[in-house]
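Printed here is protein18.pdb (PDB, C-alpha atoms, pLDDT in the B column):
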ATOM      1  CA  TRP G   1       0.000   0.000   0.000  1.00 50.00           C
ATOM      2  CA  ASN G   2       0.979   3.589  -0.514  1.00 55.00           C
ATOM      3  CA  ILE G   3       2.751   4.896   2.605  1.00 64.00           C
ATOM      4  CA  MET G   4       1.860   8.483   1.645  1.00 78.00           C
ATOM      5  CA  SER G   5      -1.829   7.754   1.044  1.00 87.00           C
ATOM      6  CA  ARG G   6      -4.211  10.672   0.899  1.00 96.00           C
ATOM      7  CA  GLU G   7      -7.907  11.160   1.463  1.00 97.00           C
ATOM      8  CA  HIS G   8      -9.913  12.632  -1.404  1.00 98.00           C
ATOM      9  CA  ARG G   9     -13.324  14.222  -0.954  1.00 98.00           C
ATOM     10  CA  ILE G  10     -15.066  13.951  -4.286  1.00 97.00           C
ATOM     11  CA  LYS G  11     -18.571  14.613  -5.498  1.00 98.00           C
ATOM     12  CA  LEU G  12     -20.821  11.722  -6.498  1.00 98.00           C
ATOM     13  CA  GLN G  13     -24.204  12.155  -8.088  1.00 97.00           C
ATOM     14  CA  GLU G  14     -26.855  11.036  -5.636  1.00 97.00           C
ATOM     15  CA  ARG G  15     -28.313   8.547  -8.122  1.00 97.00           C
ATOM     16  CA  TYR G  16     -25.106   6.456  -7.902  1.00 98.00           C
ATOM     17  CA  CYS G  17     -24.745   6.430  -4.102  1.00 98.00           C
ATOM     18  CA  ASP G  18     -26.902   3.355  -3.452  1.00 97.00           C
ATOM     19  CA  ALA G  19     -25.113   1.348  -6.169  1.00 98.00           C
ATOM     20  CA  VAL G  20     -21.724   2.171  -4.611  1.00 98.00           C
ATOM     21  CA  MET G  21     -22.931   1.263  -1.117  1.00 97.00           C
ATOM     22  CA  MET G  22     -24.503  -2.021  -2.326  1.00 97.00           C
ATOM     23  CA  ARG G  23     -21.204  -2.873  -4.095  1.00 97.00           C
ATOM     24  CA  ASP G  24     -22.914  -3.006  -7.477  1.00 97.00           C
ATOM     25  CA  LYS G  25     -20.749  -0.091  -8.647  1.00 97.00           C
ATOM     26  CA  ARG G  26     -17.112  -0.780  -7.740  1.00 98.00           C
ATOM     27  CA  ALA G  27     -15.345   1.538 -10.163  1.00 97.00           C
ATOM     28  CA  GLU G  28     -15.203   5.287 -10.695  1.00 97.00           C
ATOM     29  CA  LEU G  29     -14.224   7.029 -13.927  1.00 97.00           C
ATOM     30  CA  ARG G  30     -12.569  10.302 -12.963  1.00 97.00           C
ATOM     31  CA  ILE G  31     -10.431  13.057 -14.390  1.00 97.00           C
ATOM     32  CA  ASN G  32      -7.050  12.231 -12.881  1.00 97.00           C
ATOM     33  CA  ASP G  33      -6.384  15.755 -11.632  1.00 96.00           C
ATOM     34  CA  ARG G  34      -5.492  14.503  -8.139  1.00 95.00           C
ATOM     35  CA  ASP G  35      -2.878  11.873  -9.040  1.00 94.00           C
ATOM     36  CA  TYR G  36      -4.991   9.099  -7.498  1.00 97.00           C
ATOM     37  CA  GLN G  37      -2.906   6.235  -6.097  1.00 96.00           C
ATOM     38  CA  LYS G  38      -3.611   2.727  -4.866  1.00 97.00           C
ATOM     39  CA  GLY G  39      -4.129   2.957  -1.100  1.00 96.00           C
ATOM     40  CA  ASP G  40      -5.647   6.453  -1.149  1.00 97.00           C
ATOM     41  CA  THR G  41      -9.089   6.792   0.419  1.00 97.00           C
ATOM     42  CA  ILE G  42     -12.212   8.483  -0.876  1.00 98.00           C
ATOM     43  CA  ARG G  43     -15.071  10.160   0.937  1.00 98.00           C
ATOM     44  CA  PHE G  44     -17.978  10.805  -1.386  1.00 98.00           C
ATOM     45  CA  LEU G  45     -19.950  14.034  -1.237  1.00 98.00           C
ATOM     46  CA  PRO G  46     -23.417  13.342  -2.665  1.00 98.00           C
ATOM     47  CA  VAL G  47     -24.785  15.970  -5.035  1.00 98.00           C
ATOM     48  CA  THR G  48     -27.961  16.385  -7.087  1.00 97.00           C
ATOM     49  CA  ASP G  49     -27.862  16.347 -10.880  1.00 96.00           C
ATOM     50  CA  GLU G  50     -27.636  20.142 -10.641  1.00 97.00           C
ATOM     51  CA  GLY G  51     -24.550  19.876  -8.409  1.00 95.00           C
ATOM     52  CA  ARG G  52     -26.186  20.936  -5.153  1.00 97.00           C
ATOM     53  CA  PRO G  53     -25.308  19.068  -1.931  1.00 97.00           C
ATOM     54  CA  ALA G  54     -27.588  16.110  -1.186  1.00 98.00           C
ATOM     55  CA  GLU G  55     -28.180  14.039   1.945  1.00 97.00           C
ATOM     56  CA  HIS G  56     -27.112  10.386   1.771  1.00 98.00           C
ATOM     57  CA  GLU G  57     -25.602   7.941   4.239  1.00 97.00           C
ATOM     58  CA  ILE G  58     -22.594   7.398   1.943  1.00 98.00           C
ATOM     59  CA  THR G  59     -21.067  10.501   3.538  1.00 97.00           C
ATOM     60  CA  ASP G  60     -20.342   8.335   6.621  1.00 96.00           C
ATOM     61  CA  LYS G  61     -18.378   5.769   4.584  1.00 97.00           C
ATOM     62  CA  ARG G  62     -14.774   5.629   3.397  1.00 98.00           C
ATOM     63  CA  TYR G  63     -13.525   3.774   0.335  1.00 98.00           C
ATOM     64  CA  THR G  64     -10.015   2.566  -0.463  1.00 98.00           C
ATOM     65  CA  ILE G  65      -8.663   2.780  -3.990  1.00 98.00           C
ATOM     66  CA  THR G  66      -7.533  -0.770  -4.751  1.00 98.00           C
ATOM     67  CA  HIS G  67      -6.411  -0.181  -8.353  1.00 98.00           C
ATOM     68  CA  VAL G  68      -5.837   2.771 -10.688  1.00 98.00           C
ATOM     69  CA  LEU G  69      -6.116   2.236 -14.453  1.00 98.00           C
ATOM     70  CA  THR G  70      -4.619   4.947 -16.689  1.00 97.00           C
ATOM     71  CA  ASN G  71      -2.965   5.320 -20.085  1.00 95.00           C
ATOM     72  CA  VAL G  72      -4.663   2.406 -21.846  1.00 95.00           C
ATOM     73  CA  GLN G  73      -6.169   2.300 -25.310  1.00 95.00           C
ATOM     74  CA  GLY G  74      -9.773   3.450 -25.211  1.00 95.00           C
ATOM     75  CA  LEU G  75      -9.385   5.588 -22.090  1.00 96.00           C
ATOM     76  CA  ILE G  76      -9.236   9.332 -22.700  1.00 95.00           C
ATOM     77  CA  PRO G  77      -5.809  10.729 -21.723  1.00 96.00           C
ATOM     78  CA  GLY G  78      -5.973  12.426 -18.314  1.00 97.00           C
ATOM     79  CA  TYR G  79      -8.704  10.105 -17.015  1.00 98.00           C
ATOM     80  CA  ALA G  80      -8.452   7.194 -14.575  1.00 98.00           C
ATOM     81  CA  VAL G  81     -10.665   4.270 -13.659  1.00 98.00           C
ATOM     82  CA  LEU G  82     -10.515   3.769  -9.898  1.00 98.00           C
ATOM     83  CA  SER G  83     -11.425   0.399  -8.401  1.00 98.00           C
ATOM     84  CA  ILE G  84     -12.803   0.952  -4.895  1.00 98.00           C
ATOM     85  CA  ARG G  85     -13.673  -1.065  -1.786  1.00 98.00           C
ATOM     86  CA  GLU G  86     -15.402   0.134   1.364  1.00 97.00           C
ATOM     87  CA  VAL G  87     -13.166   0.529   4.416  1.00 96.00           C
ATOM     88  CA  GLN G  88     -14.637  -1.592   7.193  1.00 91.00           C
ATOM     89  CA  LYS G  89     -14.840   0.118  10.569  1.00 76.00           C
TER      90      LYS G  89
END
Do you think you could lay out the structure here as structure tokens?
Amino acid sequence: WNIMSREHRIKLQERYCDAVMMRDKRAELRINDRDYQKGDTIRFLPVTDEGRPAEHEITDKRYTITHVLTNVQGLIPGYAVLSIREVQK
């Protein structure tokens, strides 16, 4: 794991929150403007489709990045696919 892991607070549209929590959605496609690394953690900030803050229990959860996919054919340069797993308390 990454010794210098960081925590990222990133927005997630409210309509995807349940799928992430139920482990149906285990990957995030993101602009890689934060240099995401394996071992970093994510806290999701739920937002409406209009970008306004939304209430959802996912705000109490943390997710570990277990894999970062970048620079592969078919993936737009500057983007990353993050595989995630909930951090158990």
Report task. Please measure the separation of CA of Glu50 in chain G and CA of Tyr36 in chain G, giving the value in Å to one decimal. Result ->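 Those two atoms sit 25.4 Å apart.
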Report task. Find the distance between CA of Thr48 in chain G and CA of Thr70 in chain G and write it in Å to one decimal. Result ->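 Answer for the CA of Thr48 in chain G to CA of Thr70 in chain G separation: 27.7 Å.
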I want to know what sits within 9 Å of range 54-69 of chain G, based on only C-alpha atoms, with residues of the same chain fewer than 6 positions away left out; could you give that as a JSON list (two decimals) with C-alpha atoms, in the coordinates of the input?
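Contents of result-v2.json, as written:
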[["chain", "number", "residue", "atom", "x", "y", "z"],
["G", 1, "TRP", "CA", 0.00, 0.00, 0.00],
["G", 13, "GLN", "CA", -24.20, 12.16, -8.09],
["G", 14, "GLU", "CA", -26.86, 11.04, -5.64],
["G", 17, "CYS", "CA", -24.74, 6.43, -4.10],
["G", 18, "ASP", "CA", -26.90, 3.36, -3.45],
["G", 20, "VAL", "CA", -21.72, 2.17, -4.61],
["G", 21, "MET", "CA", -22.93, 1.26, -1.12],
["G", 36, "TYR", "CA", -4.99, 9.10, -7.50],
["G", 37, "GLN", "CA", -2.91, 6.24, -6.10],
["G", 38, "LYS", "CA", -3.61, 2.73, -4.87],
["G", 39, "GLY", "CA", -4.13, 2.96, -1.10],
["G", 40, "ASP", "CA", -5.65, 6.45, -1.15],
["G", 41, "THR", "CA", -9.09, 6.79, 0.42],
["G", 42, "ILE", "CA", -12.21, 8.48, -0.88],
["G", 43, "ARG", "CA", -15.07, 10.16, 0.94],
["G", 44, "PHE", "CA", -17.98, 10.80, -1.39],
["G", 45, "LEU", "CA", -19.95, 14.03, -1.24],
["G", 46, "PRO", "CA", -23.42, 13.34, -2.66],
["G", 47, "VAL", "CA", -24.78, 15.97, -5.04],
["G", 48, "THR", "CA", -27.96, 16.39, -7.09],
["G", 75, "LEU", "CA", -9.38, 5.59, -22.09],
["G", 79, "TYR", "CA", -8.70, 10.10, -17.02],
["G", 80, "ALA", "CA", -8.45, 7.19, -14.58],
["G", 81, "VAL", "CA", -10.66, 4.27, -13.66],
["G", 82, "LEU", "CA", -10.52, 3.77, -9.90],
["G", 83, "SER", "CA", -11.42, 0.40, -8.40],
["G", 84, "ILE", "CA", -12.80, 0.95, -4.89],
["G", 85, "ARG", "CA", -13.67, -1.06, -1.79],
["G", 86, "GLU", "CA", -15.40, 0.13, 1.36],
["G", 87, "VAL", "CA", -13.17, 0.53, 4.42],
["G", 88, "GLN", "CA", -14.64, -1.59, 7.19],
["G", 89, "LYS", "CA", -14.84, 0.12, 10.57]]
Report task. Figure out the distance between CA of Gly78 in chain G and CA of Asn32 in chain G, please, to one decimal in Å. Result ->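 Calculated distance between CA of Asn32 in chain G and CA of Gly78 in chain G is 5.5 Å.
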With 6 Å of padding per side, what axis-aligned box (centre and edge lengths, Å, one decimal) covers all the listed atoms of range 34-40 of chain G? Give it as lines of an AutoDock Vina configuration file.
center_x = -4.3
center_y = 8.6
center_z = -5.1
size_x = 14.8
size_y = 23.8
size_z = 19.9
Requested in this report: Tell me which protein, DNA and RNA residues are within 10 Å of Arg34 in chain G, counting only C-alpha atoms, leaving out same-chain ones fewer than 3 positions away, and put them as a list in words.
Outcome: Arg6, His8, Arg30, Ile31 and Gln37 of chain G
Given the selection you just returned, output its residues as a file containing C-alpha atoms, formatted as an mmCIF file, in the coordinates of the input.
data_model
loop_
_atom_site.group_PDB
_atom_site.id
_atom_site.type_symbol
_atom_site.label_atom_id
_atom_site.label_comp_id
_atom_site.auth_asym_id
_atom_site.auth_seq_id
_atom_site.Cartn_x
_atom_site.Cartn_y
_atom_site.Cartn_z
ATOM 1 C CA ARG G 6 -4.211 10.672 0.899
ATOM 2 C CA HIS G 8 -9.913 12.632 -1.404
ATOM 3 C CA ARG G 30 -12.569 10.302 -12.963
ATOM 4 C CA ILE G 31 -10.431 13.057 -14.390
ATOM 5 C CA GLN G 37 -2.906 6.235 -6.097
#
